[in-house]
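Asks: structure15.txt is reproduced in full below (compact mmCIF, C-alpha atoms).
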```
# COMPACT_ATOMS: atom_id res chain seq x y z
CA MET E 782 36.15 -0.51 -13.36
CA ALA E 783 35.22 -3.87 -14.85
CA LYS E 784 34.85 -4.11 -18.57
CA LEU E 785 31.30 -4.69 -19.75
CA ARG E 786 30.73 -5.80 -23.28
CA SER E 787 28.42 -3.48 -25.17
CA SER E 788 26.38 -4.72 -28.05
CA ARG E 789 29.03 -3.15 -30.30
CA VAL E 790 32.16 -2.13 -28.44
CA VAL E 791 33.93 -2.73 -25.17
CA ARG E 792 33.81 0.41 -23.05
CA GLN E 793 36.19 1.25 -20.26
CA SER E 794 35.19 4.87 -19.72
CA PRO E 795 34.38 5.90 -16.15
CA VAL E 796 31.88 8.42 -17.55
CA ILE E 797 28.40 6.97 -17.15
CA GLU E 798 25.31 8.30 -18.89
CA ARG E 799 22.88 8.73 -16.01
CA ALA E 800 20.18 11.03 -17.35
CA LYS E 801 17.60 8.38 -16.46
CA PRO E 802 17.65 5.84 -13.64
CA ARG E 803 18.80 2.38 -14.58
CA VAL E 804 16.13 -0.16 -15.44
CA ASP E 805 16.45 -3.61 -13.87
CA LEU E 806 15.60 -5.53 -17.02
CA GLY E 807 15.22 -8.91 -15.35
CA GLN E 808 12.90 -7.54 -12.68
CA LEU E 809 10.83 -5.66 -15.27
CA ARG E 810 10.63 -8.73 -17.52
CA ARG E 811 9.51 -11.02 -14.71
CA LYS E 812 7.00 -8.46 -13.43
CA VAL E 813 5.14 -8.54 -16.75
CA ASN E 814 5.72 -12.29 -17.18
CA LEU E 815 7.72 -12.17 -20.42
CA SER E 816 10.43 -14.57 -21.53
CA GLN E 817 13.84 -13.27 -22.60
CA GLU E 818 12.84 -14.04 -26.19
CA GLU E 819 9.61 -12.03 -25.89
CA MET E 820 11.41 -9.11 -24.27
CA ALA E 821 14.04 -9.23 -27.00
CA ARG E 822 11.34 -9.04 -29.67
CA LEU E 823 9.92 -5.91 -28.02
CA LEU E 824 13.34 -4.28 -27.78
CA GLY E 825 14.50 -5.24 -31.27
CA THR E 826 17.36 -7.46 -30.20
CA SER E 827 18.10 -11.14 -29.53
CA TRP E 828 17.33 -13.18 -26.42
CA VAL E 829 21.07 -13.75 -26.02
CA THR E 830 21.60 -10.00 -25.76
CA VAL E 831 18.79 -9.67 -23.22
CA SER E 832 20.41 -12.47 -21.21
CA ARG E 833 23.78 -10.68 -21.29
CA TRP E 834 22.16 -7.43 -20.15
CA GLU E 835 20.41 -9.19 -17.27
CA ARG E 836 23.63 -10.90 -16.18
CA LYS E 837 25.51 -7.59 -16.55
CA ARG E 838 27.86 -9.13 -19.11
CA ALA E 839 26.95 -6.33 -21.52
CA VAL E 840 25.21 -2.98 -21.40
CA PRO E 841 22.53 -1.77 -23.79
CA ARG E 842 23.59 0.82 -26.36
CA SER E 843 21.92 4.20 -26.07
CA ASP E 844 19.15 3.36 -28.59
CA ALA E 845 18.28 0.11 -26.80
CA ARG E 846 18.45 1.86 -23.43
CA ALA E 847 15.99 4.49 -24.71
CA ARG E 848 13.58 1.76 -25.94
CA LEU E 849 13.89 0.04 -22.58
CA HIS E 850 13.01 3.25 -20.71
CA ARG E 851 10.06 3.85 -23.04
CA LEU E 852 8.85 0.29 -22.49
CA GLN E 853 9.10 0.75 -18.74
CA ARG E 854 7.09 4.00 -18.93
CA LEU E 855 4.49 2.33 -21.14
CA LEU E 856 4.10 -0.59 -18.76
CA GLU E 857 3.63 1.84 -15.87
CA ARG E 858 0.89 3.61 -17.86
CA ILE E 859 -0.84 0.37 -18.82
CA GLY E 860 -0.71 -0.88 -15.24
CA ASP E 861 -3.30 -3.61 -14.75
CA SER E 862 -5.60 -2.36 -17.53
CA LEU E 863 -4.98 -5.46 -19.66
CA PRO E 864 -6.03 -8.97 -18.64
CA GLU E 865 -3.11 -11.16 -17.60
CA GLY E 866 -1.42 -12.72 -20.60
CA GLU E 867 -2.67 -10.08 -23.06
CA LEU E 868 0.25 -7.64 -22.84
CA LEU E 869 2.43 -9.29 -25.49
CA ARG E 870 -0.49 -9.70 -27.88
CA PHE E 871 -1.39 -6.03 -27.44
CA LEU E 872 2.19 -4.88 -28.05
CA LEU E 873 2.72 -7.05 -31.14
CA THR E 874 -0.64 -6.56 -32.90
CA PRO E 875 -1.03 -3.76 -35.48
CA HIS E 876 -3.80 -1.34 -34.54
CA PRO E 877 -5.79 0.88 -36.94
CA LEU E 878 -5.84 3.78 -34.44
CA LEU E 879 -2.04 3.69 -34.44
CA ARG E 880 -1.94 4.04 -38.24
CA GLY E 881 -1.56 0.27 -38.55
CA TYR E 882 1.59 0.10 -36.43
CA LYS E 883 2.23 -2.39 -33.67
CA PRO E 884 2.54 -0.63 -30.31
CA ALA E 885 5.99 -2.23 -29.89
CA ASP E 886 7.14 -0.50 -33.11
CA LEU E 887 6.32 2.88 -31.56
CA LEU E 888 8.96 2.39 -28.86
CA GLN E 889 11.58 3.40 -31.46
CA SER E 890 11.36 7.18 -31.04
CA ASP E 891 10.13 9.72 -28.52
CA TYR E 892 7.78 11.23 -31.09
CA SER E 893 5.96 8.00 -31.94
CA PHE E 894 6.08 6.92 -28.31
CA GLU E 895 4.02 9.95 -27.30
CA ASP E 896 1.35 8.82 -29.80
CA LEU E 897 1.36 5.42 -28.10
CA VAL E 898 1.06 6.91 -24.60
CA ASN E 899 -1.87 9.07 -25.76
CA PHE E 900 -3.51 5.97 -27.27
CA VAL E 901 -3.14 4.04 -24.00
CA GLU E 902 -4.50 6.94 -21.96
CA SER E 903 -7.50 7.28 -24.32
CA ALA E 904 -8.16 3.55 -24.11
CA LYS E 905 -8.00 3.60 -20.31
CA SER E 906 -10.43 6.51 -20.12
CA GLY E 907 -12.80 4.90 -22.63
CA ASP E 908 -12.39 7.77 -25.12
CA MET E 909 -11.39 5.99 -28.35
CA THR E 910 -12.89 8.42 -30.90
```
Is it possible to express this structure as structure tokens?

Replies:
Amino acid sequence: MAKLRSSRVVRQSPVIERAKPRVDLGQLRRKVNLSQEEMARLLGTSWVTVSRWERKRAVPRSDARARLHRLQRLLERIGDSLPEGELLRFLLTPHPLLRGYKPADLLQSDYSFEDLVNFVESAKSGDMT
């Protein structure tokens, strides 16, 4: 098995964490028209790291992988509800109905992510009370 450089350590273990399907980061990033720098900002890492992940020179650590899966789920929920070019602004702008947090900040944990998903679903249904 080829060695892939993790963001922290080099792993050689044949055991692969496969609880969730792998996300094709490059495909996801291009689908929503984000640069590597913008995607890195959303995932809390550097553009260089995003580039390494896309080129399979490194693999995301478990916390980054979880944020990536949450982002993918969020983007599926948002769908085409936002005008083109507004996704990044939405994700990086604090919102009073999210207790002043930026939606991107709520990708950090499953608990806060559920609040974000509920917010998006309420917004899509027009029920923002």

Asks: Fewer than 6 positions away in the same chain doesn't count, so skip those; otherwise give me all residues within 8 Å of stretch 868-882 of chain E, counting all atoms listed in the file, as a PyMOL selection string.

Replies: chain E and resi 813+815+819+823+896-897+900

Asks: With only C-alpha atoms as the counted atoms, please give the residues lying no more than 12 Å from E:His850, apart from itself and same-chain residues fewer than 6 positions off, as a ChimeraX atom specification.

Replies: /E:800-806,809,824,841,843-844,856-857,888-891,894

Asks: Pick out the residues sitting within 12 Å of E:Trp834, and hand them over as a PyMOL selection string; count only C-alpha atoms, and ignore anything fewer than 6 positions along from it in its own chain.

Replies: chain E and resi 785-788+803-808+810+817+820-821+826-828+840-842+845-846+849

Asks: Between E:Lys837, E:Arg858, E:Lys812, E:Arg822, which is the closest to E:Lys883 once you count only C-alpha atoms?

Replies: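 Answer, going by the shortest atom-to-atom distance: E:Arg822.
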
Asks: One number please: atom CA of E:Arg848 to atom CA of E:Ser862, in Å, one decimal.

Replies: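 Between atom CA of E:Arg848 and atom CA of E:Ser862 the gap works out to 21.3 Å.
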
Asks: For atom CA of E:Ala904 and atom CA of E:Ile859, determine how far apart the two atoms are, in Å to one decimal place.

Replies: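 Atom CA of E:Ile859 lies at a distance of 9.6 Å from atom CA of E:Ala904.
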
Asks: I need the residue nearest E:Leu863 from this list: E:Arg833, E:Arg851, E:Arg838, E:Lys905. Use all atoms listed in the file for the distance.

Replies: E:Lys905

Asks: What is the distance between atom CA of E:Gly866 and atom CA of E:Ala839, in Å to one decimal?

Replies: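 Between atom CA of E:Gly866 and atom CA of E:Ala839 the gap works out to 29.1 Å.
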
Asks: Nearest residue to E:Leu887 out of E:Thr830, E:Ser906, E:Ser816, E:Asn899, using all atoms listed in the file?

Replies: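 Ranked by minimum distance to E:Leu887, first place goes to E:Asn899.
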
Asks: Since fewer atoms than expected are present, regenerate N, CA, C and O atoms for stretch 825-849 of chain E and write them as a PDB file, in the frame of the given file.

Replies:
```
ATOM      1  N   GLY E 825      13.797  -5.189 -29.986  1.00  0.00           N
ATOM      2  CA  GLY E 825      14.500  -5.240 -31.270  1.00  0.00           C
ATOM      3  C   GLY E 825      15.895  -5.808 -31.174  1.00  0.00           C
ATOM      4  O   GLY E 825      16.823  -5.334 -31.825  1.00  0.00           O
ATOM      5  N   THR E 826      16.052  -6.836 -30.359  1.00  0.00           N
ATOM      6  CA  THR E 826      17.360  -7.460 -30.200  1.00  0.00           C
ATOM      7  C   THR E 826      17.168  -8.968 -30.062  1.00  0.00           C
ATOM      8  O   THR E 826      16.083  -9.478 -30.303  1.00  0.00           O
ATOM      9  N   SER E 827      18.199  -9.684 -29.682  1.00  0.00           N
ATOM     10  CA  SER E 827      18.100 -11.140 -29.530  1.00  0.00           C
ATOM     11  C   SER E 827      17.960 -11.510 -28.051  1.00  0.00           C
ATOM     12  O   SER E 827      18.326 -10.732 -27.164  1.00  0.00           O
ATOM     13  N   TRP E 828      17.469 -12.716 -27.802  1.00  0.00           N
ATOM     14  CA  TRP E 828      17.330 -13.180 -26.420  1.00  0.00           C
ATOM     15  C   TRP E 828      18.690 -13.307 -25.762  1.00  0.00           C
ATOM     16  O   TRP E 828      18.833 -13.110 -24.556  1.00  0.00           O
ATOM     17  N   VAL E 829      19.716 -13.623 -26.550  1.00  0.00           N
ATOM     18  CA  VAL E 829      21.070 -13.750 -26.020  1.00  0.00           C
ATOM     19  C   VAL E 829      21.539 -12.401 -25.467  1.00  0.00           C
ATOM     20  O   VAL E 829      22.123 -12.316 -24.389  1.00  0.00           O
ATOM     21  N   THR E 830      21.236 -11.345 -26.203  1.00  0.00           N
ATOM     22  CA  THR E 830      21.600 -10.000 -25.760  1.00  0.00           C
ATOM     23  C   THR E 830      20.854  -9.632 -24.481  1.00  0.00           C
ATOM     24  O   THR E 830      21.441  -9.091 -23.539  1.00  0.00           O
ATOM     25  N   VAL E 831      19.566  -9.940 -24.427  1.00  0.00           N
ATOM     26  CA  VAL E 831      18.790  -9.670 -23.220  1.00  0.00           C
ATOM     27  C   VAL E 831      19.401 -10.432 -22.041  1.00  0.00           C
ATOM     28  O   VAL E 831      19.564  -9.882 -20.943  1.00  0.00           O
ATOM     29  N   SER E 832      19.783 -11.671 -22.261  1.00  0.00           N
ATOM     30  CA  SER E 832      20.410 -12.470 -21.210  1.00  0.00           C
ATOM     31  C   SER E 832      21.712 -11.822 -20.741  1.00  0.00           C
ATOM     32  O   SER E 832      21.973 -11.736 -19.534  1.00  0.00           O
ATOM     33  N   ARG E 833      22.517 -11.342 -21.669  1.00  0.00           N
ATOM     34  CA  ARG E 833      23.780 -10.680 -21.290  1.00  0.00           C
ATOM     35  C   ARG E 833      23.517  -9.410 -20.489  1.00  0.00           C
ATOM     36  O   ARG E 833      24.232  -9.123 -19.538  1.00  0.00           O
ATOM     37  N   TRP E 834      22.503  -8.641 -20.895  1.00  0.00           N
ATOM     38  CA  TRP E 834      22.160  -7.430 -20.150  1.00  0.00           C
ATOM     39  C   TRP E 834      21.731  -7.778 -18.731  1.00  0.00           C
ATOM     40  O   TRP E 834      22.134  -7.123 -17.778  1.00  0.00           O
ATOM     41  N   GLU E 835      20.899  -8.806 -18.596  1.00  0.00           N
ATOM     42  CA  GLU E 835      20.410  -9.190 -17.270  1.00  0.00           C
ATOM     43  C   GLU E 835      21.539  -9.684 -16.375  1.00  0.00           C
ATOM     44  O   GLU E 835      21.528  -9.437 -15.172  1.00  0.00           O
ATOM     45  N   ARG E 836      22.495 -10.377 -16.959  1.00  0.00           N
ATOM     46  CA  ARG E 836      23.630 -10.900 -16.180  1.00  0.00           C
ATOM     47  C   ARG E 836      24.754  -9.876 -16.049  1.00  0.00           C
ATOM     48  O   ARG E 836      25.798 -10.176 -15.485  1.00  0.00           O
ATOM     49  N   LYS E 837      24.535  -8.685 -16.597  1.00  0.00           N
ATOM     50  CA  LYS E 837      25.510  -7.590 -16.550  1.00  0.00           C
ATOM     51  C   LYS E 837      26.817  -7.952 -17.244  1.00  0.00           C
ATOM     52  O   LYS E 837      27.889  -7.488 -16.865  1.00  0.00           O
ATOM     53  N   ARG E 838      26.710  -8.784 -18.274  1.00  0.00           N
ATOM     54  CA  ARG E 838      27.860  -9.130 -19.110  1.00  0.00           C
ATOM     55  C   ARG E 838      28.013  -8.131 -20.254  1.00  0.00           C
ATOM     56  O   ARG E 838      29.035  -8.089 -20.914  1.00  0.00           O
ATOM     57  N   ALA E 839      26.959  -7.360 -20.487  1.00  0.00           N
ATOM     58  CA  ALA E 839      26.950  -6.330 -21.520  1.00  0.00           C
ATOM     59  C   ALA E 839      25.988  -5.239 -21.075  1.00  0.00           C
ATOM     60  O   ALA E 839      25.167  -5.458 -20.183  1.00  0.00           O
ATOM     61  N   VAL E 840      26.128  -4.088 -21.692  1.00  0.00           N
ATOM     62  CA  VAL E 840      25.210  -2.980 -21.400  1.00  0.00           C
ATOM     63  C   VAL E 840      24.514  -2.580 -22.691  1.00  0.00           C
ATOM     64  O   VAL E 840      25.108  -2.632 -23.767  1.00  0.00           O
ATOM     65  N   PRO E 841      23.254  -2.185 -22.580  1.00  0.00           N
ATOM     66  CA  PRO E 841      22.530  -1.770 -23.790  1.00  0.00           C
ATOM     67  C   PRO E 841      23.148  -0.497 -24.376  1.00  0.00           C
ATOM     68  O   PRO E 841      23.592   0.384 -23.633  1.00  0.00           O
ATOM     69  N   ARG E 842      23.177  -0.422 -25.692  1.00  0.00           N
ATOM     70  CA  ARG E 842      23.590   0.820 -26.360  1.00  0.00           C
ATOM     71  C   ARG E 842      22.531   1.873 -26.065  1.00  0.00           C
ATOM     72  O   ARG E 842      21.438   1.569 -25.578  1.00  0.00           O
ATOM     73  N   SER E 843      22.823   3.089 -26.407  1.00  0.00           N
ATOM     74  CA  SER E 843      21.920   4.200 -26.070  1.00  0.00           C
ATOM     75  C   SER E 843      20.538   4.028 -26.710  1.00  0.00           C
ATOM     76  O   SER E 843      19.527   4.319 -26.073  1.00  0.00           O
ATOM     77  N   ASP E 844      20.461   3.535 -27.950  1.00  0.00           N
ATOM     78  CA  ASP E 844      19.150   3.360 -28.590  1.00  0.00           C
ATOM     79  C   ASP E 844      18.341   2.270 -27.894  1.00  0.00           C
ATOM     80  O   ASP E 844      17.139   2.424 -27.661  1.00  0.00           O
ATOM     81  N   ALA E 845      18.979   1.184 -27.512  1.00  0.00           N
ATOM     82  CA  ALA E 845      18.280   0.110 -26.800  1.00  0.00           C
ATOM     83  C   ALA E 845      17.883   0.565 -25.404  1.00  0.00           C
ATOM     84  O   ALA E 845      16.803   0.231 -24.913  1.00  0.00           O
ATOM     85  N   ARG E 846      18.754   1.335 -24.764  1.00  0.00           N
ATOM     86  CA  ARG E 846      18.450   1.860 -23.430  1.00  0.00           C
ATOM     87  C   ARG E 846      17.234   2.785 -23.492  1.00  0.00           C
ATOM     88  O   ARG E 846      16.360   2.727 -22.630  1.00  0.00           O
ATOM     89  N   ALA E 847      17.145   3.597 -24.545  1.00  0.00           N
ATOM     90  CA  ALA E 847      15.990   4.490 -24.710  1.00  0.00           C
ATOM     91  C   ALA E 847      14.712   3.679 -24.907  1.00  0.00           C
ATOM     92  O   ALA E 847      13.676   3.997 -24.320  1.00  0.00           O
ATOM     93  N   ARG E 848      14.758   2.617 -25.746  1.00  0.00           N
ATOM     94  CA  ARG E 848      13.580   1.760 -25.940  1.00  0.00           C
ATOM     95  C   ARG E 848      13.174   1.093 -24.634  1.00  0.00           C
ATOM     96  O   ARG E 848      11.994   0.975 -24.317  1.00  0.00           O
ATOM     97  N   LEU E 849      14.155   0.680 -23.870  1.00  0.00           N
ATOM     98  CA  LEU E 849      13.890   0.040 -22.580  1.00  0.00           C
ATOM     99  C   LEU E 849      13.194   1.013 -21.628  1.00  0.00           C
ATOM    100  O   LEU E 849      12.215   0.650 -20.965  1.00  0.00           O
TER     101      LEU E 849
END
```
